[in-house]
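I have placed the structure first, in the form of structure tokens, so that the comments after it can refer back to it.
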Amino acid sequence: AQAILVKANRSGALLPSSRLLHCPPSSVATMDSYSARSNTIFCSFISVLGAAAALNHLTTWLPQFQATPQAAVALDKIHDLTINTHRGMDQCTFSFDLSYELSSEFNWNMNQLFLYVVASYNDTSNKVNEVTVWDTIITNREEASYGGKKLMVEYPLRDEKTELRGRDIRLHVRYRTMPIVGMMYTKEVAVHDFKAGEAYFRDKSKEDAKEGKAQRRQ
């Protein structure tokens, strides 16, 4: 296709230009190529997906959807406070009672919750001492309601400076939100204080149980 360019002189008459504008057929075909169409579809898809993700996150902040988590934790029994000779550390194992109600955290944007119990204590060679002793992953509303007694720690409480005896220890129940879209937050819902023993000891009931098993085997 060819088009003749025209220009006006001072009197207003239109004069044909000596130059011709060439518009190759290939340039028109390039505008409607498969790659150009695919790029348009992809950009439209990303724009819609981003807008939907933003709305999915923002709607969870409406007042009627605010979470009201509840939890309680209490020490059941300290089973032993010994020296871990392999690691050269103080080591304490204990059991605790735990209950929580976190179902209000679940909505269309919540993927899962990571719940964990932390034991913390101060006034040692380390400025901050925090040890995770128990954890679980909550994936739905049914798992978000729980009450358990005499739960044993999954990870023993250890102190590398052997300064655990006589310390005031605080248990913290915390959980981390893991939404499908948006920021992750850490929340603390319960605490409980107790004191570690002043001297090393072992749970005698455990030793008696082991001795009883050994005698039955003999």
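Residue numbers start at 1 in each chain; chains themselves are named A, B, ... in the order of the structure tokens; ligands are numbered from 1 in the order shown.
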Long-range neighbours of segment 161-174 of chain A as a PyMOL selection string, 9 Å cut-off, only C-alpha atoms, 4 positions minimum in chain
chain A and resi 71-75+81+83+88-92+98+114-126+157+186-200
Atom pair atom CA of Leu62 of chain A + atom CA of Ser99 of chain A, distance 27.4 Å
When you draw a straight line from atom CA of Cys43 of chain A to atom CA of Trp61 of chain A, how long is it in Å?
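These two atoms are separated by 28.2 Å.
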Counting only C-alpha atoms, which residue out of A:Asp159, A:Asn129, A:Glu105, A:Met110 sits closest to Ser145 of chain A?
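Under the stated criterion, the closest residue is A:Glu105.
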Quick check for you: according to DSSP on this backbone, which residues of segment 10-205 of chain A are classed as strand (DSSP E or B)? Reply as a ChimeraX atom specification.
/A:14-22,70-84,89-101,110-121,129-138,145-152,157-159,168-179,186-195,201-202
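As for atom CA of Met152 of chain A and atom CA of Glu101 of chain A, they are spaced 20.2 Å apart.
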From the set A:Ala51, A:Val181, A:Leu58, A:Ala67, which residue has the shortest atom-to-atom contact distance to Ser104 of chain A, counting only C-alpha atoms?
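Of A:Ala51, A:Val181, A:Leu58, A:Ala67, the one nearest Ser104 of chain A, counting only C-alpha atoms, is A:Ala67.
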Residue among A:Phe106, A:Tyr155, A:Tyr175, A:Phe65 lying closest to Val133 of chain A, counting only C-alpha atoms:
A:Tyr155
Looking at only C-alpha atoms, which of A:Thr139, A:Thr177, A:Gln112, A:Asn107 is the one that sits closest to Gln64 of chain A?
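Looking at the shortest contact to Gln64 of chain A, the residue is A:Asn107.
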Lys77 of chain A environment, 10 Å, only C-alpha atoms, sequence neighbours closer than 3 positions dropped, as a ChimeraX atom specification
/A:74,80,93-97,150-152,203
I need the residues from that last selection saved to file as a PDB file, in the first residue's frame (with all heavy atoms), if you can.
ATOM      1  N   ALA A  74       0.597 -24.486  81.150  1.00  0.00           N
ATOM      2  CA  ALA A  74       0.998 -24.620  82.554  1.00  0.00           C
ATOM      3  C   ALA A  74       1.955 -25.787  82.689  1.00  0.00           C
ATOM      4  O   ALA A  74       1.824 -26.803  81.980  1.00  0.00           O
ATOM      5  CB  ALA A  74      -0.228 -24.821  83.452  1.00  0.00           C
ATOM      6  N   ASP A  80      13.556 -34.148  84.837  1.00  0.00           N
ATOM      7  CA  ASP A  80      14.971 -34.249  85.205  1.00  0.00           C
ATOM      8  C   ASP A  80      15.702 -32.962  84.844  1.00  0.00           C
ATOM      9  O   ASP A  80      15.261 -32.177  84.001  1.00  0.00           O
ATOM     10  CB  ASP A  80      15.647 -35.453  84.534  1.00  0.00           C
ATOM     11  CG  ASP A  80      15.545 -35.429  83.014  1.00  0.00           C
ATOM     12  OD1 ASP A  80      15.793 -34.375  82.419  1.00  0.00           O
ATOM     13  OD2 ASP A  80      15.221 -36.473  82.423  1.00  0.00           O
ATOM     14  N   THR A  93      14.218 -31.825  80.960  1.00  0.00           N
ATOM     15  CA  THR A  93      13.014 -32.280  80.278  1.00  0.00           C
ATOM     16  C   THR A  93      11.836 -32.145  81.236  1.00  0.00           C
ATOM     17  O   THR A  93      11.965 -32.389  82.429  1.00  0.00           O
ATOM     18  CB  THR A  93      13.136 -33.748  79.815  1.00  0.00           C
ATOM     19  OG1 THR A  93      13.394 -34.580  80.948  1.00  0.00           O
ATOM     20  CG2 THR A  93      14.252 -33.912  78.813  1.00  0.00           C
ATOM     21  N   PHE A  94      10.714 -31.754  80.683  1.00  0.00           N
ATOM     22  CA  PHE A  94       9.524 -31.535  81.510  1.00  0.00           C
ATOM     23  C   PHE A  94       8.284 -31.773  80.667  1.00  0.00           C
ATOM     24  O   PHE A  94       8.342 -31.879  79.437  1.00  0.00           O
ATOM     25  CB  PHE A  94       9.523 -30.125  82.099  1.00  0.00           C
ATOM     26  CG  PHE A  94       9.591 -29.024  81.072  1.00  0.00           C
ATOM     27  CD1 PHE A  94       8.439 -28.463  80.532  1.00  0.00           C
ATOM     28  CD2 PHE A  94      10.824 -28.537  80.645  1.00  0.00           C
ATOM     29  CE1 PHE A  94       8.509 -27.464  79.593  1.00  0.00           C
ATOM     30  CE2 PHE A  94      10.908 -27.518  79.699  1.00  0.00           C
ATOM     31  CZ  PHE A  94       9.747 -26.990  79.169  1.00  0.00           C
ATOM     32  N   SER A  95       7.161 -31.865  81.337  1.00  0.00           N
ATOM     33  CA  SER A  95       5.866 -32.003  80.672  1.00  0.00           C
ATOM     34  C   SER A  95       4.998 -30.806  81.036  1.00  0.00           C
ATOM     35  O   SER A  95       5.216 -30.143  82.049  1.00  0.00           O
ATOM     36  CB  SER A  95       5.184 -33.314  81.078  1.00  0.00           C
ATOM     37  OG  SER A  95       5.032 -33.385  82.489  1.00  0.00           O
ATOM     38  N   PHE A  96       4.004 -30.541  80.200  1.00  0.00           N
ATOM     39  CA  PHE A  96       3.167 -29.358  80.403  1.00  0.00           C
ATOM     40  C   PHE A  96       1.763 -29.618  79.873  1.00  0.00           C
ATOM     41  O   PHE A  96       1.536 -30.542  79.073  1.00  0.00           O
ATOM     42  CB  PHE A  96       3.785 -28.140  79.702  1.00  0.00           C
ATOM     43  CG  PHE A  96       3.976 -28.320  78.221  1.00  0.00           C
ATOM     44  CD1 PHE A  96       3.020 -27.879  77.329  1.00  0.00           C
ATOM     45  CD2 PHE A  96       5.115 -28.955  77.721  1.00  0.00           C
ATOM     46  CE1 PHE A  96       3.188 -28.051  75.958  1.00  0.00           C
ATOM     47  CE2 PHE A  96       5.304 -29.130  76.365  1.00  0.00           C
ATOM     48  CZ  PHE A  96       4.332 -28.675  75.478  1.00  0.00           C
ATOM     49  N   ASP A  97       0.824 -28.803  80.345  1.00  0.00           N
ATOM     50  CA  ASP A  97      -0.557 -28.842  79.857  1.00  0.00           C
ATOM     51  C   ASP A  97      -0.747 -27.683  78.881  1.00  0.00           C
ATOM     52  O   ASP A  97      -0.297 -26.560  79.143  1.00  0.00           O
ATOM     53  CB  ASP A  97      -1.550 -28.696  81.007  1.00  0.00           C
ATOM     54  CG  ASP A  97      -1.392 -29.808  82.040  1.00  0.00           C
ATOM     55  OD1 ASP A  97      -0.905 -30.900  81.675  1.00  0.00           O
ATOM     56  OD2 ASP A  97      -1.744 -29.568  83.221  1.00  0.00           O
ATOM     57  N   LYS A 150      -0.190 -33.233  80.158  1.00  0.00           N
ATOM     58  CA  LYS A 150       1.076 -33.961  80.339  1.00  0.00           C
ATOM     59  C   LYS A 150       1.796 -34.192  79.010  1.00  0.00           C
ATOM     60  O   LYS A 150       2.266 -35.292  78.714  1.00  0.00           O
ATOM     61  CB  LYS A 150       0.824 -35.292  81.051  1.00  0.00           C
ATOM     62  CG  LYS A 150       0.216 -35.130  82.436  1.00  0.00           C
ATOM     63  CD  LYS A 150       0.007 -36.469  83.121  1.00  0.00           C
ATOM     64  CE  LYS A 150      -0.576 -36.277  84.519  1.00  0.00           C
ATOM     65  NZ  LYS A 150      -0.763 -37.561  85.228  1.00  0.00           N
ATOM     66  N   LEU A 151       1.898 -33.148  78.223  1.00  0.00           N
ATOM     67  CA  LEU A 151       2.637 -33.236  76.964  1.00  0.00           C
ATOM     68  C   LEU A 151       4.132 -33.144  77.249  1.00  0.00           C
ATOM     69  O   LEU A 151       4.586 -32.220  77.917  1.00  0.00           O
ATOM     70  CB  LEU A 151       2.224 -32.106  76.020  1.00  0.00           C
ATOM     71  CG  LEU A 151       0.744 -32.021  75.633  1.00  0.00           C
ATOM     72  CD1 LEU A 151       0.500 -30.798  74.773  1.00  0.00           C
ATOM     73  CD2 LEU A 151       0.308 -33.281  74.907  1.00  0.00           C
ATOM     74  N   MET A 152       4.894 -34.089  76.740  1.00  0.00           N
ATOM     75  CA  MET A 152       6.335 -34.053  76.912  1.00  0.00           C
ATOM     76  C   MET A 152       6.966 -33.118  75.886  1.00  0.00           C
ATOM     77  O   MET A 152       6.481 -33.006  74.757  1.00  0.00           O
ATOM     78  CB  MET A 152       6.929 -35.453  76.766  1.00  0.00           C
ATOM     79  CG  MET A 152       6.673 -36.359  77.944  1.00  0.00           C
ATOM     80  SD  MET A 152       7.479 -35.765  79.470  1.00  0.00           S
ATOM     81  CE  MET A 152       9.198 -35.805  79.002  1.00  0.00           C
ATOM     82  N   ASP A 203      14.206 -38.015  87.316  1.00  0.00           N
ATOM     83  CA  ASP A 203      12.873 -38.444  87.711  1.00  0.00           C
ATOM     84  C   ASP A 203      12.950 -39.883  88.202  1.00  0.00           C
ATOM     85  O   ASP A 203      13.242 -40.800  87.435  1.00  0.00           O
ATOM     86  CB  ASP A 203      11.909 -38.330  86.526  1.00  0.00           C
ATOM     87  CG  ASP A 203      10.469 -38.528  86.957  1.00  0.00           C
ATOM     88  OD1 ASP A 203      10.246 -38.962  88.104  1.00  0.00           O
ATOM     89  OD2 ASP A 203       9.571 -38.238  86.153  1.00  0.00           O
TER      90      ASP A 203
END
Which is closer to Asn56 of chain A than all the others in A:Trp108, A:Thr85, A:Trp134, A:Met178, using only C-alpha atoms?
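Closest to Asn56 of chain A of all the choices is A:Trp108.
Minimum atom-to-atom distances from A:Thr136, A:Thr82, A:Gln66, A:Ser47 to Pro156 of chain A were compared using only C-alpha atoms, and the lowest value belongs to A:Thr82.
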So that I can check the secondary structure, give me every residue of segment 7-205 of chain A assigned alpha helix (DSSP H) by backbone DSSP, as number ranges by chain.
A: 25-31, 34-58, 204-205
How about saving the chosen residues, N, CA, C and O atoms kept, as a tab-separated table (two decimals), in the first residue's frame?
chain	number	residue	atom	x	y	z
A	25	PRO	N	3.60	-4.63	3.91
A	25	PRO	CA	2.57	-5.55	4.46
A	25	PRO	C	3.06	-6.31	5.67
A	25	PRO	O	2.27	-6.68	6.53
A	26	SER	N	4.37	-6.55	5.80
A	26	SER	CA	4.89	-7.34	6.93
A	26	SER	C	4.70	-6.64	8.26
A	26	SER	O	4.53	-7.27	9.29
A	27	SER	N	4.69	-5.26	8.27
A	27	SER	CA	4.52	-4.54	9.54
A	27	SER	C	3.13	-4.72	10.09
A	27	SER	O	2.91	-4.78	11.29
A	28	VAL	N	2.12	-4.79	9.23
A	28	VAL	CA	0.75	-5.03	9.68
A	28	VAL	C	0.62	-6.44	10.24
A	28	VAL	O	-0.02	-6.68	11.27
A	29	ALA	N	1.27	-7.38	9.61
A	29	ALA	CA	1.20	-8.76	10.08
A	29	ALA	C	1.88	-8.93	11.43
A	29	ALA	O	1.45	-9.73	12.26
A	30	THR	N	2.96	-8.14	11.67
A	30	THR	CA	3.67	-8.25	12.94
A	30	THR	C	2.80	-7.83	14.11
A	30	THR	O	2.85	-8.41	15.19
A	31	MET	N	1.96	-6.83	13.93
A	31	MET	CA	1.09	-6.34	15.00
A	31	MET	C	0.08	-7.39	15.43
A	31	MET	O	-0.37	-7.40	16.57
A	34	TYR	N	1.20	-14.11	16.63
A	34	TYR	CA	0.86	-14.94	17.80
A	34	TYR	C	1.60	-14.48	19.05
A	34	TYR	O	1.06	-14.50	20.15
A	35	SER	N	2.85	-14.04	18.90
A	35	SER	CA	3.61	-13.58	20.07
A	35	SER	C	3.03	-12.32	20.66
A	35	SER	O	2.97	-12.15	21.88
A	36	ALA	N	2.58	-11.40	19.80
A	36	ALA	CA	1.98	-10.16	20.30
A	36	ALA	C	0.66	-10.44	21.02
A	36	ALA	O	0.37	-9.87	22.08
A	37	ARG	N	-0.14	-11.32	20.45
A	37	ARG	CA	-1.41	-11.67	21.09
A	37	ARG	C	-1.17	-12.39	22.42
A	37	ARG	O	-1.86	-12.14	23.40
A	38	SER	N	-0.17	-13.29	22.44
A	38	SER	CA	0.14	-14.01	23.68
A	38	SER	C	0.61	-13.06	24.77
A	38	SER	O	0.25	-13.20	25.94
A	39	ASN	N	1.40	-12.07	24.37
A	39	ASN	CA	1.87	-11.07	25.34
A	39	ASN	C	0.71	-10.27	25.92
A	39	ASN	O	0.67	-10.00	27.13
A	40	THR	N	-0.24	-9.91	25.09
A	40	THR	CA	-1.41	-9.17	25.57
A	40	THR	C	-2.24	-10.00	26.55
A	40	THR	O	-2.66	-9.52	27.61
A	41	ILE	N	-2.45	-11.27	26.22
A	41	ILE	CA	-3.22	-12.15	27.09
A	41	ILE	C	-2.50	-12.36	28.42
A	41	ILE	O	-3.11	-12.32	29.49
A	42	PHE	N	-1.19	-12.57	28.35
A	42	PHE	CA	-0.42	-12.80	29.58
A	42	PHE	C	-0.44	-11.58	30.49
A	42	PHE	O	-0.63	-11.70	31.71
A	43	CYS	N	-0.24	-10.40	29.95
A	43	CYS	CA	-0.26	-9.17	30.76
A	43	CYS	C	-1.63	-8.94	31.38
A	43	CYS	O	-1.73	-8.52	32.54
A	44	SER	N	-2.69	-9.24	30.62
A	44	SER	CA	-4.04	-9.10	31.17
A	44	SER	C	-4.27	-10.08	32.31
A	44	SER	O	-4.85	-9.73	33.35
A	45	PHE	N	-3.78	-11.31	32.15
A	45	PHE	CA	-3.93	-12.34	33.19
A	45	PHE	C	-3.20	-11.93	34.46
A	45	PHE	O	-3.74	-12.04	35.57
A	46	ILE	N	-1.96	-11.43	34.34
A	46	ILE	CA	-1.19	-11.01	35.51
A	46	ILE	C	-1.86	-9.84	36.22
A	46	ILE	O	-1.90	-9.78	37.46
A	47	SER	N	-2.41	-8.91	35.47
A	47	SER	CA	-3.08	-7.75	36.08
A	47	SER	C	-4.31	-8.19	36.88
A	47	SER	O	-4.52	-7.74	38.01
A	48	VAL	N	-5.10	-9.09	36.29
A	48	VAL	CA	-6.31	-9.58	36.99
A	48	VAL	C	-5.92	-10.39	38.22
A	48	VAL	O	-6.52	-10.26	39.30
A	49	LEU	N	-4.89	-11.24	38.09
A	49	LEU	CA	-4.45	-12.06	39.21
A	49	LEU	C	-3.93	-11.19	40.35
A	49	LEU	O	-4.22	-11.44	41.53
A	50	GLY	N	-3.15	-10.16	40.04
A	50	GLY	CA	-2.64	-9.26	41.07
A	50	GLY	C	-3.75	-8.53	41.80
A	50	GLY	O	-3.73	-8.38	43.02
A	51	ALA	N	-4.76	-8.04	41.04
A	51	ALA	CA	-5.88	-7.35	41.65
A	51	ALA	C	-6.69	-8.28	42.55
A	51	ALA	O	-7.09	-7.91	43.66
A	52	ALA	N	-6.91	-9.52	42.09
A	52	ALA	CA	-7.66	-10.49	42.90
A	52	ALA	C	-6.89	-10.85	44.17
A	52	ALA	O	-7.48	-10.99	45.25
A	53	ALA	N	-5.55	-11.00	44.08
A	53	ALA	CA	-4.75	-11.32	45.26
A	53	ALA	C	-4.79	-10.19	46.27
A	53	ALA	O	-4.89	-10.42	47.48
A	54	ALA	N	-4.70	-8.95	45.80
A	54	ALA	CA	-4.76	-7.80	46.71
A	54	ALA	C	-6.11	-7.73	47.42
A	54	ALA	O	-6.17	-7.51	48.63
A	55	LEU	N	-7.20	-7.95	46.70
A	55	LEU	CA	-8.52	-7.94	47.32
A	55	LEU	C	-8.67	-9.10	48.30
A	55	LEU	O	-9.29	-8.96	49.36
A	56	ASN	N	-8.11	-10.25	47.94
A	56	ASN	CA	-8.17	-11.42	48.83
A	56	ASN	C	-7.51	-11.13	50.17
A	56	ASN	O	-8.00	-11.54	51.23
A	57	HIS	N	-6.40	-10.41	50.15
A	57	HIS	CA	-5.70	-10.07	51.39
A	57	HIS	C	-6.41	-8.95	52.15
A	57	HIS	O	-6.59	-9.03	53.37
A	58	LEU	N	-6.81	-7.90	51.45
A	58	LEU	CA	-7.38	-6.72	52.12
A	58	LEU	C	-8.72	-7.02	52.78
A	58	LEU	O	-9.03	-6.47	53.84
A	204	LYS	N	12.71	-40.11	89.50
A	204	LYS	CA	12.83	-41.45	90.07
A	204	LYS	C	11.81	-42.41	89.50
A	204	LYS	O	12.06	-43.60	89.36
A	205	SER	N	10.64	-41.89	89.15
A	205	SER	CA	9.61	-42.75	88.60
A	205	SER	C	10.05	-43.35	87.27
A	205	SER	O	9.74	-44.50	86.95
